[in-house]
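my_file-v1.cif follows; it contains mmCIF, C-alpha atoms.
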data_start
loop_
_atom_site.label_atom_id
_atom_site.label_comp_id
_atom_site.auth_asym_id
_atom_site.auth_seq_id
_atom_site.Cartn_x
_atom_site.Cartn_y
_atom_site.Cartn_z
CA MET A 1 0.00 0.00 0.00
CA SER A 2 1.10 3.55 -0.62
CA GLY A 3 1.26 6.11 2.15
CA VAL A 4 -2.20 7.40 1.22
CA GLN A 5 -4.81 6.27 3.77
CA PHE A 6 -7.95 5.11 2.08
CA PRO A 7 -11.22 5.06 3.97
CA ALA A 8 -11.82 1.67 5.56
CA SER A 9 -14.74 0.88 3.29
CA HIS A 10 -12.68 1.63 0.21
CA GLU A 11 -9.94 -0.64 1.44
CA ALA A 12 -12.39 -3.42 2.20
CA ALA A 13 -13.85 -3.17 -1.29
CA ASP A 14 -10.37 -3.24 -2.75
CA ARG A 15 -9.49 -6.33 -0.74
CA LEU A 16 -12.60 -8.14 -1.94
CA ARG A 17 -11.79 -7.27 -5.54
CA ASN A 18 -8.27 -8.65 -5.33
CA ARG A 19 -8.88 -11.60 -2.99
CA PRO A 20 -11.92 -13.57 -4.18
CA ASP A 21 -11.24 -16.19 -1.49
CA LEU A 22 -12.10 -13.61 1.19
CA ARG A 23 -15.60 -13.08 -0.19
CA ALA A 24 -18.49 -14.35 1.89
CA LYS A 25 -19.34 -17.92 1.10
CA ASP A 26 -22.53 -18.45 -0.79
CA PRO A 27 -25.30 -18.04 1.82
CA VAL A 28 -27.50 -20.96 2.82
CA PRO A 29 -29.00 -22.31 -0.39
CA ALA A 30 -32.48 -20.92 -0.91
CA LEU A 31 -35.38 -23.25 -0.28
CA PRO A 32 -38.16 -23.08 -2.83
CA GLY A 33 -41.30 -21.39 -1.58
CA THR A 34 -39.96 -20.09 1.72
CA GLY A 35 -39.44 -16.51 0.59
CA GLN A 36 -35.77 -16.76 1.54
CA GLY A 37 -33.26 -15.86 -1.16
CA GLU A 38 -34.39 -15.36 -4.73
CA THR A 39 -37.13 -17.94 -4.98
CA GLY A 40 -40.05 -15.53 -5.05
CA PRO A 41 -42.86 -15.04 -2.58
CA ALA A 42 -43.31 -17.50 0.24
CA ASP A 43 -45.91 -20.21 0.28
CA LYS A 44 -49.39 -19.02 1.32
CA ARG A 45 -49.27 -21.44 4.26
CA ILE A 46 -46.16 -19.72 5.61
CA LEU A 47 -47.49 -16.19 5.01
CA VAL A 48 -50.80 -16.94 6.74
CA SER A 49 -49.14 -18.40 9.82
CA TYR A 50 -46.68 -15.51 9.90
CA GLY A 51 -49.42 -12.89 9.84
CA PHE A 52 -51.37 -14.72 12.51
CA TRP A 53 -48.22 -15.14 14.59
CA ILE A 54 -47.78 -11.34 14.55
CA TYR A 55 -51.33 -10.97 15.89
CA LEU A 56 -50.66 -13.58 18.60
CA LEU A 57 -47.54 -11.70 19.68
CA SER A 58 -49.59 -8.51 19.97
CA ASP A 59 -52.02 -10.47 22.14
CA ILE A 60 -49.13 -11.64 24.32
CA VAL A 61 -48.00 -8.01 24.69
CA LEU A 62 -51.57 -7.16 25.81
CA PHE A 63 -51.42 -9.96 28.39
CA SER A 64 -48.01 -8.79 29.55
CA ALA A 65 -49.56 -5.40 30.40
CA PHE A 66 -52.10 -7.22 32.60
CA PHE A 67 -49.28 -9.28 34.14
CA ALA A 68 -47.37 -6.08 34.87
CA ALA A 69 -50.47 -4.59 36.51
CA PHE A 70 -50.83 -7.70 38.67
CA ALA A 71 -47.16 -7.69 39.62
CA VAL A 72 -47.39 -4.04 40.66
CA GLN A 73 -50.71 -4.42 42.51
CA HIS A 74 -50.36 -7.84 44.14
CA GLY A 75 -49.67 -6.37 47.57
CA ALA A 76 -52.34 -3.66 47.30
CA SER A 77 -55.10 -5.47 49.16
CA ALA A 78 -56.40 -2.30 50.88
CA GLY A 79 -57.07 -4.20 54.10
CA GLY A 80 -59.20 -6.76 52.26
CA PRO A 81 -58.48 -10.41 51.46
CA ARG A 82 -54.94 -11.12 50.28
CA MET A 83 -53.74 -13.51 47.55
CA PRO A 84 -53.32 -16.68 49.68
CA GLN A 85 -56.94 -16.35 50.86
CA ILE A 86 -58.47 -16.17 47.39
CA VAL A 87 -56.32 -18.73 45.59
CA ASP A 88 -57.38 -22.36 45.34
CA VAL A 89 -54.32 -24.26 44.07
CA GLY A 90 -56.26 -27.52 43.67
CA ARG A 91 -58.70 -25.93 41.23
CA ALA A 92 -55.84 -24.23 39.40
CA ALA A 93 -54.16 -27.64 38.98
CA LEU A 94 -57.39 -29.10 37.57
CA GLU A 95 -57.78 -26.14 35.19
CA THR A 96 -54.16 -26.55 34.09
CA GLY A 97 -54.74 -30.24 33.37
CA LEU A 98 -57.86 -29.47 31.33
CA LEU A 99 -56.15 -26.80 29.26
CA LEU A 100 -53.06 -28.92 28.64
CA ALA A 101 -55.21 -31.87 27.60
CA SER A 102 -57.19 -29.61 25.25
CA SER A 103 -53.94 -28.38 23.71
CA TYR A 104 -52.98 -32.00 23.12
CA THR A 105 -56.30 -32.96 21.51
CA CYS A 106 -56.08 -29.79 19.38
CA MET A 107 -52.72 -31.05 18.14
CA LEU A 108 -54.25 -34.48 17.47
CA SER A 109 -57.01 -32.85 15.41
CA PHE A 110 -54.32 -31.09 13.41
CA ALA A 111 -52.54 -34.41 12.82
CA ALA A 112 -55.85 -35.83 11.61
CA THR A 113 -56.30 -32.79 9.34
CA HIS A 114 -52.94 -33.56 7.75
CA ARG A 115 -54.14 -37.08 7.04
CA LYS A 116 -57.33 -35.62 5.53
CA ASN A 117 -59.36 -37.60 8.05
CA LEU A 118 -62.62 -35.70 8.54
CA LEU A 119 -64.08 -37.89 11.29
CA TRP A 120 -61.09 -37.78 13.62
CA THR A 121 -60.54 -34.08 12.96
CA GLN A 122 -64.11 -33.42 14.10
CA ILE A 123 -63.88 -35.78 17.08
CA PHE A 124 -60.68 -34.22 18.39
CA LEU A 125 -61.95 -30.68 17.75
CA ALA A 126 -65.09 -31.55 19.72
CA VAL A 127 -63.03 -32.97 22.60
CA THR A 128 -60.88 -29.83 22.54
CA GLY A 129 -64.01 -27.70 22.75
CA LEU A 130 -65.47 -29.73 25.64
CA LEU A 131 -62.21 -29.51 27.62
CA GLY A 132 -62.13 -25.76 26.96
CA LEU A 133 -65.75 -25.48 28.08
CA ALA A 134 -64.97 -27.38 31.30
CA PHE A 135 -62.09 -24.97 31.89
CA VAL A 136 -64.29 -21.91 31.42
CA LEU A 137 -67.00 -23.37 33.69
CA LEU A 138 -64.45 -24.07 36.44
CA GLU A 139 -63.19 -20.51 36.17
CA ALA A 140 -66.73 -19.14 36.28
CA GLN A 141 -67.38 -21.27 39.38
CA GLU A 142 -64.25 -19.79 40.96
CA PHE A 143 -65.40 -16.24 40.21
CA PHE A 144 -68.90 -16.90 41.58
CA ASP A 145 -67.44 -18.50 44.73
CA LEU A 146 -65.27 -15.44 45.29
CA ALA A 147 -68.18 -13.08 44.61
CA ALA A 148 -70.28 -15.00 47.13
CA ARG A 149 -67.60 -14.30 49.73
CA GLY A 150 -67.76 -10.61 48.89
CA ILE A 151 -64.51 -10.72 46.91
CA THR A 152 -65.18 -8.61 43.82
CA PRO A 153 -62.94 -6.62 41.46
CA GLN A 154 -63.90 -3.30 43.05
CA ARG A 155 -62.69 -4.37 46.51
CA SER A 156 -58.98 -3.55 46.00
CA GLY A 157 -56.32 -2.84 43.39
CA MET A 158 -55.02 -6.37 43.80
CA LEU A 159 -58.43 -7.88 43.07
CA THR A 160 -58.93 -5.63 40.03
CA ALA A 161 -55.64 -6.87 38.62
CA PHE A 162 -56.46 -10.50 39.52
CA PHE A 163 -59.93 -10.53 37.95
CA GLY A 164 -58.66 -8.55 34.96
CA LEU A 165 -55.83 -10.93 34.16
CA VAL A 166 -57.63 -14.22 34.81
CA GLY A 167 -60.86 -12.91 33.28
CA LEU A 168 -59.10 -11.74 30.11
CA HIS A 169 -57.67 -15.22 29.64
CA GLY A 170 -61.08 -16.78 30.31
CA LEU A 171 -62.60 -14.44 27.72
CA HIS A 172 -59.98 -15.54 25.20
CA VAL A 173 -60.76 -19.21 25.85
CA SER A 174 -64.50 -18.54 25.48
CA LEU A 175 -64.04 -16.71 22.18
CA GLY A 176 -61.65 -19.47 21.06
CA GLY A 177 -64.44 -21.96 21.79
CA LEU A 178 -66.78 -19.94 19.60
CA TRP A 179 -64.18 -19.97 16.83
CA LEU A 180 -63.76 -23.73 17.32
CA GLY A 181 -67.48 -24.32 16.83
CA THR A 182 -67.39 -22.21 13.66
CA MET A 183 -64.41 -24.20 12.36
CA MET A 184 -66.18 -27.52 13.00
CA ALA A 185 -69.14 -26.31 10.94
CA GLN A 186 -66.86 -25.05 8.15
CA VAL A 187 -64.87 -28.28 8.00
CA GLN A 188 -68.09 -30.26 7.84
CA VAL A 189 -69.58 -28.16 5.03
CA LYS A 190 -66.54 -27.24 2.93
CA GLY A 191 -64.13 -30.10 3.61
CA PHE A 192 -60.35 -29.74 3.64
CA THR A 193 -59.87 -26.92 1.15
CA THR A 194 -56.58 -25.03 1.35
CA GLN A 195 -58.34 -22.09 2.96
CA ILE A 196 -59.94 -24.22 5.66
CA VAL A 197 -56.63 -25.89 6.47
CA HIS A 198 -55.07 -22.43 6.84
CA ARG A 199 -57.87 -21.41 9.20
CA LEU A 200 -57.39 -24.60 11.21
CA THR A 201 -53.67 -23.83 11.43
CA CYS A 202 -54.45 -20.36 12.81
CA PHE A 203 -56.92 -21.80 15.30
CA ASN A 204 -54.31 -24.31 16.42
CA LEU A 205 -51.78 -21.53 16.96
CA PHE A 206 -54.36 -19.49 18.90
CA TRP A 207 -55.27 -22.37 21.21
CA HIS A 208 -51.65 -23.24 22.00
CA THR A 209 -50.87 -19.59 22.70
CA LEU A 210 -53.70 -19.49 25.25
CA ASP A 211 -52.01 -22.44 26.94
CA ILE A 212 -48.71 -20.53 27.01
CA VAL A 213 -50.42 -17.54 28.63
CA TRP A 214 -52.03 -19.88 31.18
CA ILE A 215 -48.56 -21.19 32.13
CA GLY A 216 -47.70 -17.63 33.15
CA ILE A 217 -50.98 -17.24 35.04
CA PHE A 218 -50.78 -20.44 37.07
CA THR A 219 -47.13 -19.80 37.89
CA ILE A 220 -47.34 -16.12 38.84
CA VAL A 221 -50.91 -15.74 40.11
CA TYR A 222 -51.76 -19.12 41.61
CA LEU A 223 -48.45 -20.62 42.73
CA MET A 224 -46.32 -17.56 43.53
CA GLY A 225 -49.26 -15.35 44.55
CA GLY A 226 -50.83 -18.11 46.62
CA ALA A 227 -47.60 -18.73 48.51
CA SER A 228 -46.72 -15.13 49.34
CA MET B 1 -31.15 -28.91 -0.53
CA ASN B 2 -34.30 -29.51 1.47
CA ASN B 3 -34.17 -30.69 5.06
CA ALA B 4 -37.18 -32.86 4.31
CA ASP B 5 -34.83 -35.00 2.23
CA LYS B 6 -33.01 -36.08 5.38
CA PRO B 7 -35.44 -37.69 7.81
CA ASP B 8 -32.78 -37.96 10.55
CA ASP B 9 -31.97 -34.28 10.41
CA HIS B 10 -35.13 -32.25 10.68
CA ALA B 11 -36.51 -29.68 13.06
CA PRO B 12 -40.02 -30.06 14.50
CA GLY B 13 -41.45 -27.51 12.03
CA ASP B 14 -40.30 -29.11 8.80
CA GLN B 15 -43.05 -30.69 6.82
CA LEU B 16 -42.19 -34.25 6.01
CA GLU B 17 -44.64 -35.40 3.41
CA GLU B 18 -43.60 -39.02 3.60
CA GLU B 19 -43.69 -39.21 7.38
CA LYS B 20 -47.13 -38.31 8.65
CA GLY B 21 -46.66 -39.60 12.19
CA HIS B 22 -44.50 -36.53 12.76
CA TRP B 23 -47.29 -34.29 14.14
CA LEU B 24 -48.42 -37.03 16.46
CA ARG B 25 -44.93 -37.70 17.77
CA SER B 26 -44.22 -34.04 18.45
CA ALA B 27 -47.59 -33.76 20.22
CA ASN B 28 -46.72 -36.74 22.42
CA ILE B 29 -43.26 -35.42 23.28
CA GLY B 30 -44.75 -31.99 24.02
CA LEU B 31 -47.45 -33.46 26.24
CA GLY B 32 -44.97 -35.65 28.15
CA LEU B 33 -42.54 -32.79 28.82
CA SER B 34 -45.40 -30.44 29.76
CA ILE B 35 -46.82 -32.92 32.28
CA ILE B 36 -43.41 -33.36 33.89
CA LEU B 37 -42.79 -29.60 34.10
CA THR B 38 -46.32 -28.79 35.35
CA ALA B 39 -46.16 -31.50 38.00
CA ALA B 40 -42.76 -30.17 39.07
CA SER B 41 -44.18 -26.63 39.39
CA PHE B 42 -47.19 -27.65 41.49
CA GLY B 43 -45.09 -30.10 43.53
CA LEU B 44 -42.45 -27.49 44.29
CA ALA B 45 -45.02 -24.89 45.32
CA ARG B 46 -46.65 -27.28 47.80
CA SER B 47 -43.68 -29.11 49.25
CA HIS B 48 -40.83 -27.62 51.25
CA LEU B 49 -38.07 -29.28 49.28
CA LEU B 50 -36.41 -26.01 48.35
CA TYR B 51 -35.16 -23.13 50.45
CA ALA B 52 -38.28 -20.92 50.49
CA PRO B 53 -36.86 -17.76 48.83
CA ALA B 54 -35.58 -19.90 45.93
CA VAL B 55 -39.03 -21.29 45.12
CA PRO B 56 -40.22 -18.31 42.99
CA VAL B 57 -37.02 -18.45 40.95
CA ALA B 58 -37.47 -22.19 40.38
CA LEU B 59 -41.13 -21.66 39.42
CA ILE B 60 -40.21 -18.99 36.88
CA ALA B 61 -37.47 -21.21 35.44
CA LEU B 62 -39.95 -24.08 35.10
CA ALA B 63 -42.53 -21.79 33.47
CA ILE B 64 -40.01 -20.52 30.92
CA ALA B 65 -38.94 -24.10 30.18
CA GLN B 66 -42.55 -25.11 29.63
CA MET B 67 -43.20 -22.13 27.37
CA GLY B 68 -40.17 -23.28 25.37
CA VAL B 69 -41.60 -26.79 25.13
CA HIS B 70 -44.92 -25.38 23.91
CA LEU B 71 -43.20 -23.17 21.34
CA ALA B 72 -41.09 -26.01 19.97
CA PHE B 73 -43.51 -28.94 20.02
CA PHE B 74 -46.98 -27.35 19.80
CA LEU B 75 -46.40 -24.08 17.95
CA HIS B 76 -43.52 -25.50 15.88
CA ILE B 77 -41.33 -22.44 16.09
CA THR B 78 -38.02 -23.75 14.82
CA THR B 79 -34.73 -22.50 13.48
CA GLY B 80 -35.66 -23.71 10.00
CA PRO B 81 -35.57 -21.28 7.06
CA ASP B 82 -39.35 -20.98 6.74
CA ASN B 83 -39.45 -19.87 10.39
CA THR B 84 -36.87 -17.08 10.24
CA ASN B 85 -39.47 -14.30 10.25
CA ASN B 86 -41.48 -15.95 13.02
CA VAL B 87 -38.41 -16.25 15.24
CA LEU B 88 -37.45 -12.61 14.62
CA ALA B 89 -40.99 -11.47 15.45
CA LEU B 90 -40.94 -13.64 18.57
CA ALA B 91 -37.62 -12.13 19.68
CA PHE B 92 -39.05 -8.63 19.25
CA GLY B 93 -42.24 -9.62 21.08
CA VAL B 94 -40.27 -11.07 23.99
CA MET B 95 -38.25 -7.85 24.18
CA VAL B 96 -41.43 -5.74 24.36
CA VAL B 97 -42.87 -8.04 27.03
CA PHE B 98 -39.75 -7.81 29.18
CA LEU B 99 -39.54 -4.03 28.82
CA LEU B 100 -43.21 -3.70 29.74
CA VAL B 101 -43.22 -6.02 32.75
CA LEU B 102 -39.80 -5.27 34.23
CA GLY B 103 -40.18 -1.56 33.41
CA SER B 104 -43.55 -1.37 35.17
CA ILE B 105 -42.29 -3.19 38.25
CA TRP B 106 -39.18 -1.03 38.41
CA ILE B 107 -40.94 2.30 37.89
CA MET B 108 -43.75 1.54 40.31
CA SER B 109 -41.50 0.25 43.07
CA HIS B 110 -39.28 3.29 42.60
CA LEU B 111 -42.32 5.58 42.74
CA SER B 112 -43.68 3.97 45.86
CA SER B 113 -40.33 4.18 47.61
CA THR B 114 -39.99 7.89 46.83
CA MET B 115 -43.61 8.87 47.42
CA MET B 116 -44.40 7.11 50.68
CA PRO B 117 -43.18 8.09 54.12
CA GLN B 118 -40.55 5.72 55.42
CA GLY B 119 -42.90 3.92 57.81
CA ALA B 120 -45.36 3.06 55.05
CA VAL B 121 -42.56 1.70 52.87
CA MET B 122 -41.46 -0.63 55.65
CA GLN B 123 -45.04 -1.75 56.08
CA ALA B 124 -45.46 -2.38 52.34
CA GLN B 125 -42.28 -4.42 52.29
CA MET B 126 -43.32 -6.45 55.33
CA GLN B 127 -46.78 -7.17 53.93
CA PRO B 128 -46.12 -9.98 51.42
#
Would you mind writing the file out in structure tokens?
Amino acid sequence: MSGVQFPASHEAADRLRNRPDLRAKDPVPALPGTGQGETGPADKRILVSYGFWIYLLSDIVLFSAFFAAFAVQHGASAGGPRMPQIVDVGRAALETGLLLASSYTCMLSFAATHRKNLLWTQIFLAVTGLLGLAFVLLEAQEFFDLAARGITPQRSGMLTAFFGLVGLHGLHVSLGGLWLGTMMAQVQVKGFTTQIVHRLTCFNLFWHTLDIVWIGIFTIVYLMGGAS
Amino acid sequence: MNNADKPDDHAPGDQLEEEKGHWLRSANIGLGLSIILTAASFGLARSHLLYAPAVPVALIALAIAQMGVHLAFFLHITTGPDNTNNVLALAFGVMVVFLLVLGSIWIMSHLSSTMMPQGAVMQAQMQP
């Protein structure tokens, strides 16, 4: 090199021009239909799940705001009942089992969908819906029990956060159940068209995400809150 | 070069046309791991196996592990090429969640420690 100092970028470009062996290796070979590399737009299946995944993440951010509110408020009982008095760990364990089982049957229905088996898809979707319904009923029973003891959301900041967080999840499960019923009707009438399979994929993602949110709820609200 | 060509070397999200038991197997593995982790969480919370102040940390670790199991085996978020965008979105989402939750806890505890008289702070810390 001469005494003249080139800018670093210029020097790097020069080095690449003269030393082909320093060039980046060919990146990972492009897979057809994934949208990676130069193979054109991704498969519709991938785009649909990606878009729905973005929505699910926004939902998780919404839940995280409710979690933050609960974390901030969990000591603010205003002289009323505190967390250990309102938490029933046994019922939470039962609810957890129901939701986990429903996630599993949802997955089984998806496996059946991939085998284009209408009967088993419907059976497992129905079982998923019944388990979800049992979950919602248990949660409703919990809320009514608490209300009967005078424990309502307006009693303290802690209870507002508790009912808000658990209730929001229960609302999601209820609406998911509504969606599930709609999907069962659509599968029955229209069969396994590409569109229906995409919708089933989205429903599957939604149901599993509710399970993920519930993991946070039973850990933070029922186990950690109940122990403190 | 498609990963689906190598049955031994695939991530949970790859679609293997010739192997349809794949969804079932990943559901079974996911269910098994979830049951173990859930049972561990509830068992730990009830028993006195661990030093009490360590229990919340263990519970959070178990919860994160179980969320990972759900992501990998139920939601099929993988490192495969058709999942790159999903993983990036997930990473961003997790960042927002952490900022929101930890930020709220930090700001509010800071506020309460500067706003309250000293006696009330002691009381609030004794309460839980």
Quick one: apply the PyMOL selection byres ((chain A) within 8 of (chain B)) to the file and drop the selected residues here as a PyMOL selection string. chain A and resi 29+31+34-36+46+50+53-54+57-58+60-61+64-65+67-69+71-72+75+93+100+104+107-108+110-111+114-115+205+208-209+212+215-216+219-220+223-224+227-228
Please provide the set of residues having any atom within 10 Å of Leu98 (chain A), restricted to all atoms listed in the file, with same-chain residues fewer than 6 positions apart removed, written as a PyMOL selection string. chain A and resi 92+104+128+130-136+138
Just say which residues the PyMOL selection byres ((chain A and resi 176) around 10) picks in this file, as number ranges by chain. A: 129, 132, 170-175, 177-182, 203-204, 206-207, 210
Residues matched by the PyMOL selection byres ((chain A and resi 152) around 12) as a tab-separated table (two decimals) with C-alpha atoms, keeping the file's coordinate frame:
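For reference, out.tsv as written:
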chain	number	residue	atom	x	y	z
A	77	SER	CA	-55.10	-5.47	49.16
A	80	GLY	CA	-59.20	-6.76	52.26
A	81	PRO	CA	-58.48	-10.41	51.46
A	86	ILE	CA	-58.47	-16.17	47.39
A	142	GLU	CA	-64.25	-19.79	40.96
A	143	PHE	CA	-65.40	-16.24	40.21
A	144	PHE	CA	-68.90	-16.90	41.58
A	145	ASP	CA	-67.44	-18.50	44.73
A	146	LEU	CA	-65.27	-15.44	45.29
A	147	ALA	CA	-68.18	-13.08	44.61
A	148	ALA	CA	-70.28	-15.00	47.13
A	149	ARG	CA	-67.60	-14.30	49.73
A	150	GLY	CA	-67.76	-10.61	48.89
A	151	ILE	CA	-64.51	-10.72	46.91
A	153	PRO	CA	-62.94	-6.62	41.46
A	154	GLN	CA	-63.90	-3.30	43.05
A	155	ARG	CA	-62.69	-4.37	46.51
A	156	SER	CA	-58.98	-3.55	46.00
A	157	GLY	CA	-56.32	-2.84	43.39
A	158	MET	CA	-55.02	-6.37	43.80
A	159	LEU	CA	-58.43	-7.88	43.07
A	160	THR	CA	-58.93	-5.63	40.03
A	161	ALA	CA	-55.64	-6.87	38.62
A	162	PHE	CA	-56.46	-10.50	39.52
A	163	PHE	CA	-59.93	-10.53	37.95
A	164	GLY	CA	-58.66	-8.55	34.96
For CA of Val197 (chain A) and CA of Thr79 (chain B), determine how far apart the two atoms are, in Å to one decimal place. 23.2 Å
Record the distance separating CA of Gly97 (chain A) and CA of Val221 (chain A), expressed in Å with one decimal.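 That distance, rounded to one decimal, is 16.4 Å.
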Select, from B:Met115, B:Ile77, B:His48, B:Leu33, the residue with the minimum atom-to-atom distance to Ala65 (chain B), counting all atoms listed in the file. B:Leu33
Between CA of Met184 (chain A) and CA of Thr113 (chain A), what is the distance in Å, rounded to a tenth?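 For CA of Met184 (chain A) relative to CA of Thr113 (chain A), the distance reads 11.8 Å.
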